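Notes follow once the structure below has been shown.
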Amino acid sequence: MAQAIAVPGQLLGPADKFLAGAGTHIHEANLYSSLLGTVAVAQPEKTPGPAKRLTRIAALATGNNNGNGSSGAGAGALPTISVSRSGIAEKREVLPEVGNVVLCRVTRITPRHASVAILVVGDTVLEAEWQGIIRVQDVRATEKDRVKIYESFRPGDIVRAQVISLGDQANYYLATASNELGVIMATSEAGNTMYPVSWKEYKDPETGISEPRKVAKPF
């Protein structure tokens, strides 16, 4: 997990299992990434003998001052999860190749395709963004004649896709025509981070309104 790449808004784990470190935030008892970078999990330090007892006494004293004697000791036993841009190895120029799985951000949609900026190739965060398009016929593997771009993607969505062609001189051609590919993060029209409720819908937890998307199956 230490080498995993997280995108903004990506679920990292429950707040009762991890402490929130740098580059993360808590929302409704879950920890989410606040930026694009590498995920690191730091285990709590284990101090031997007397030092451990002193730490416990200090924690209890702090807890008594706060009116809660158990929270300090319990929190200290949890690993800390963080996301850091600096954790990414030296940035190197990587060119997307056919077959690569990429993470991209939707920048514009038309009835025939979605334009995207490629941010990550495999596990490598790109220094420069490459442009790509997801054509309407490459969104799904079935019912291609019924696909509508505006029901599959919206500008700002983070999408997991696969490079299927080097395309033209301006764009790579990408596809989301498998269960594992599609939108992995979406923001509602009201500006709230949504969660998937089916293979074709995301839901706004604040307004309760659902919006259509081509949803990626979670790993």
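Ordering of the structure tokens sets the chain letters (A, B, ...), residue numbers begin anew at 1 in every chain, and ligands are numbered from 1 in the order given.
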
message: Quick one: residues within 12 Å of Tyr195 (chain A), only C-alpha atoms, excluding same-chain residues fewer than 4 positions away - as a ChimeraX atom specification?
response: /A:9-11,183-188,199-206,208-213,215-216,218

- request: Could you give me the residues within region 105-182 of chain A that DSSP places in strand (DSSP E), as a ChimeraX atom specification?
  value: /A:105-109,113-121,124-135,158-165,172-175,182

Can you write out the residues you just picked, keeping N, CA, C and O atoms, as a short mmCIF file (atom, residue, chain, number, x, y, z; two decimals), in the first residue's frame?
```
data_model
loop_
_atom_site.label_atom_id
_atom_site.label_comp_id
_atom_site.auth_asym_id
_atom_site.auth_seq_id
_atom_site.Cartn_x
_atom_site.Cartn_y
_atom_site.Cartn_z
N ARG A 105 -8.57 13.06 -15.95
CA ARG A 105 -9.63 13.98 -15.52
C ARG A 105 -10.38 14.47 -16.75
O ARG A 105 -9.78 14.90 -17.73
N VAL A 106 -11.70 14.39 -16.71
CA VAL A 106 -12.52 14.84 -17.83
C VAL A 106 -12.49 16.37 -17.89
O VAL A 106 -12.76 17.04 -16.88
N THR A 107 -12.15 16.90 -19.05
CA THR A 107 -12.07 18.36 -19.21
C THR A 107 -13.22 18.93 -20.02
O THR A 107 -13.59 20.09 -19.83
N ARG A 108 -13.78 18.10 -20.91
CA ARG A 108 -14.85 18.60 -21.79
C ARG A 108 -15.61 17.42 -22.36
O ARG A 108 -15.03 16.35 -22.58
N ILE A 109 -16.91 17.60 -22.59
CA ILE A 109 -17.68 16.53 -23.22
C ILE A 109 -18.45 17.09 -24.42
O ILE A 109 -18.84 18.25 -24.44
N HIS A 113 -17.72 12.41 -27.86
CA HIS A 113 -16.58 11.96 -27.06
C HIS A 113 -16.40 12.81 -25.81
O HIS A 113 -17.00 13.89 -25.69
N ALA A 114 -15.57 12.30 -24.90
CA ALA A 114 -15.15 13.07 -23.73
C ALA A 114 -13.66 13.34 -23.86
O ALA A 114 -12.87 12.43 -24.13
N SER A 115 -13.28 14.60 -23.70
CA SER A 115 -11.86 14.97 -23.71
C SER A 115 -11.33 14.86 -22.29
O SER A 115 -12.00 15.26 -21.33
N VAL A 116 -10.11 14.31 -22.15
CA VAL A 116 -9.54 14.10 -20.82
C VAL A 116 -8.08 14.53 -20.79
O VAL A 116 -7.42 14.63 -21.83
N ALA A 117 -7.60 14.80 -19.57
CA ALA A 117 -6.18 15.04 -19.33
C ALA A 117 -5.65 13.85 -18.56
O ALA A 117 -6.14 13.53 -17.47
N ILE A 118 -4.66 13.16 -19.12
CA ILE A 118 -4.09 11.97 -18.48
C ILE A 118 -3.13 12.41 -17.37
O ILE A 118 -2.18 13.15 -17.62
N LEU A 119 -3.39 11.96 -16.14
CA LEU A 119 -2.61 12.37 -14.97
C LEU A 119 -1.63 11.31 -14.50
O LEU A 119 -0.55 11.62 -14.02
N VAL A 120 -2.04 10.03 -14.59
CA VAL A 120 -1.24 8.93 -14.06
C VAL A 120 -1.21 7.81 -15.09
O VAL A 120 -2.24 7.45 -15.66
N VAL A 121 -0.01 7.25 -15.33
CA VAL A 121 0.14 6.07 -16.18
C VAL A 121 0.67 4.95 -15.30
O VAL A 121 1.78 5.05 -14.77
N THR A 124 2.81 5.73 -12.14
CA THR A 124 3.64 6.92 -12.30
C THR A 124 2.79 8.16 -12.51
O THR A 124 1.97 8.22 -13.43
N VAL A 125 2.98 9.14 -11.63
CA VAL A 125 2.30 10.43 -11.79
C VAL A 125 3.08 11.25 -12.81
O VAL A 125 4.29 11.44 -12.68
N LEU A 126 2.40 11.73 -13.82
CA LEU A 126 3.06 12.43 -14.91
C LEU A 126 3.41 13.86 -14.53
O LEU A 126 2.68 14.53 -13.80
N GLU A 127 4.55 14.30 -15.02
CA GLU A 127 4.95 15.68 -14.80
C GLU A 127 4.15 16.61 -15.71
O GLU A 127 3.79 17.71 -15.33
N ALA A 128 3.89 16.14 -16.91
CA ALA A 128 3.09 16.91 -17.87
C ALA A 128 1.84 16.11 -18.22
O ALA A 128 1.88 14.89 -18.29
N GLU A 129 0.74 16.80 -18.39
CA GLU A 129 -0.50 16.13 -18.73
C GLU A 129 -0.56 15.83 -20.23
O GLU A 129 -0.19 16.67 -21.05
N TRP A 130 -1.00 14.62 -20.56
CA TRP A 130 -1.23 14.24 -21.96
C TRP A 130 -2.72 14.26 -22.22
O TRP A 130 -3.52 13.92 -21.35
N GLN A 131 -3.09 14.64 -23.42
CA GLN A 131 -4.50 14.74 -23.79
C GLN A 131 -4.99 13.42 -24.39
O GLN A 131 -4.26 12.73 -25.09
N GLY A 132 -6.23 13.11 -24.08
CA GLY A 132 -6.83 11.91 -24.63
C GLY A 132 -8.31 12.12 -24.87
O GLY A 132 -8.89 13.11 -24.41
N ILE A 133 -8.93 11.19 -25.57
CA ILE A 133 -10.38 11.24 -25.77
C ILE A 133 -10.96 9.84 -25.57
O ILE A 133 -10.31 8.83 -25.87
N ILE A 134 -12.16 9.82 -25.03
CA ILE A 134 -12.92 8.58 -24.91
C ILE A 134 -14.12 8.72 -25.85
O ILE A 134 -15.03 9.52 -25.60
N ARG A 135 -14.07 7.99 -26.95
CA ARG A 135 -15.14 8.09 -27.94
C ARG A 135 -16.39 7.35 -27.46
O ARG A 135 -16.30 6.43 -26.65
N ILE A 158 -12.91 11.99 -12.29
CA ILE A 158 -11.66 11.24 -12.38
C ILE A 158 -12.01 9.86 -12.90
O ILE A 158 -12.87 9.17 -12.34
N VAL A 159 -11.35 9.45 -13.99
CA VAL A 159 -11.71 8.23 -14.71
C VAL A 159 -10.51 7.29 -14.79
O VAL A 159 -9.38 7.73 -15.04
N ARG A 160 -10.77 6.01 -14.56
CA ARG A 160 -9.77 4.97 -14.83
C ARG A 160 -10.07 4.41 -16.22
O ARG A 160 -11.19 3.95 -16.48
N ALA A 161 -9.10 4.48 -17.11
CA ALA A 161 -9.31 4.05 -18.50
C ALA A 161 -8.09 3.28 -19.01
O ALA A 161 -7.05 3.24 -18.34
N GLN A 162 -8.23 2.72 -20.18
CA GLN A 162 -7.13 1.97 -20.80
C GLN A 162 -6.81 2.58 -22.17
O GLN A 162 -7.72 2.94 -22.92
N VAL A 163 -5.52 2.69 -22.45
CA VAL A 163 -5.09 3.21 -23.75
C VAL A 163 -5.32 2.12 -24.80
O VAL A 163 -4.81 1.01 -24.67
N ILE A 164 -6.10 2.45 -25.83
CA ILE A 164 -6.37 1.46 -26.88
C ILE A 164 -5.70 1.82 -28.19
O ILE A 164 -5.59 0.99 -29.09
N SER A 165 -5.24 3.09 -28.32
CA SER A 165 -4.59 3.52 -29.55
C SER A 165 -3.80 4.78 -29.27
O SER A 165 -4.17 5.58 -28.40
N TYR A 172 -4.52 10.73 -27.33
CA TYR A 172 -4.54 9.28 -27.19
C TYR A 172 -5.99 8.83 -27.17
O TYR A 172 -6.86 9.55 -26.65
N TYR A 173 -6.27 7.64 -27.70
CA TYR A 173 -7.61 7.10 -27.64
C TYR A 173 -7.69 6.16 -26.44
O TYR A 173 -6.89 5.23 -26.29
N LEU A 174 -8.69 6.40 -25.59
CA LEU A 174 -8.87 5.62 -24.37
C LEU A 174 -10.22 4.92 -24.40
O LEU A 174 -11.13 5.34 -25.13
N ALA A 175 -10.35 3.86 -23.59
CA ALA A 175 -11.62 3.14 -23.49
C ALA A 175 -11.91 2.83 -22.03
O ALA A 175 -11.01 2.69 -21.21
N GLY A 182 -13.81 3.15 -15.68
CA GLY A 182 -14.90 4.12 -15.62
C GLY A 182 -14.61 5.18 -14.58
O GLY A 182 -13.46 5.40 -14.16
#
```

- prompt: Which residue gives the smallest distance to Met194 (chain A) among A:Glu151, A:Arg112, A:Ala15, A:His27, with only C-alpha atoms counted?
  reply: A:His27

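Among the candidates A:Leu31, A:Tyr150, A:Glu45, A:Leu166, the residue lying nearest to Leu95 (chain A) is A:Leu166 (atoms considered: only C-alpha atoms).
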
- prompt: Could you pull the residues within 6 Å of Gly21 (chain A), counting only C-alpha atoms, minus those fewer than 2 positions along the same chain, as a list in words?
  reply: Thr24, Thr80, Ile81 and Ser82 of chain A

Take the residues from that selection and write them out as a PDB file, in the first residue's frame, keeping N, CA, C and O atoms.
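File produced: out38.pdb:
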```
ATOM      1  N   THR A  24      -4.761  14.141   3.936  1.00  0.00           N
ATOM      2  CA  THR A  24      -6.007  13.393   4.052  1.00  0.00           C
ATOM      3  C   THR A  24      -7.029  14.217   4.822  1.00  0.00           C
ATOM      4  O   THR A  24      -6.692  15.208   5.470  1.00  0.00           O
ATOM      5  N   THR A  80      -1.095   5.704  11.207  1.00  0.00           N
ATOM      6  CA  THR A  80      -1.417   6.981  10.557  1.00  0.00           C
ATOM      7  C   THR A  80      -1.279   6.828   9.053  1.00  0.00           C
ATOM      8  O   THR A  80      -0.254   6.344   8.556  1.00  0.00           O
ATOM      9  N   ILE A  81      -2.305   7.229   8.336  1.00  0.00           N
ATOM     10  CA  ILE A  81      -2.279   7.146   6.873  1.00  0.00           C
ATOM     11  C   ILE A  81      -2.161   8.559   6.305  1.00  0.00           C
ATOM     12  O   ILE A  81      -2.796   9.485   6.787  1.00  0.00           O
ATOM     13  N   SER A  82      -1.288   8.718   5.331  1.00  0.00           N
ATOM     14  CA  SER A  82      -1.052  10.038   4.752  1.00  0.00           C
ATOM     15  C   SER A  82      -0.850   9.920   3.244  1.00  0.00           C
ATOM     16  O   SER A  82      -0.569   8.842   2.712  1.00  0.00           O
TER      17      SER A  82
END
```

message: Please report the interatomic distance between CA of Asp168 (chain A) and CA of Val147 (chain A) in Å with one decimal.
response: 23.3 Å
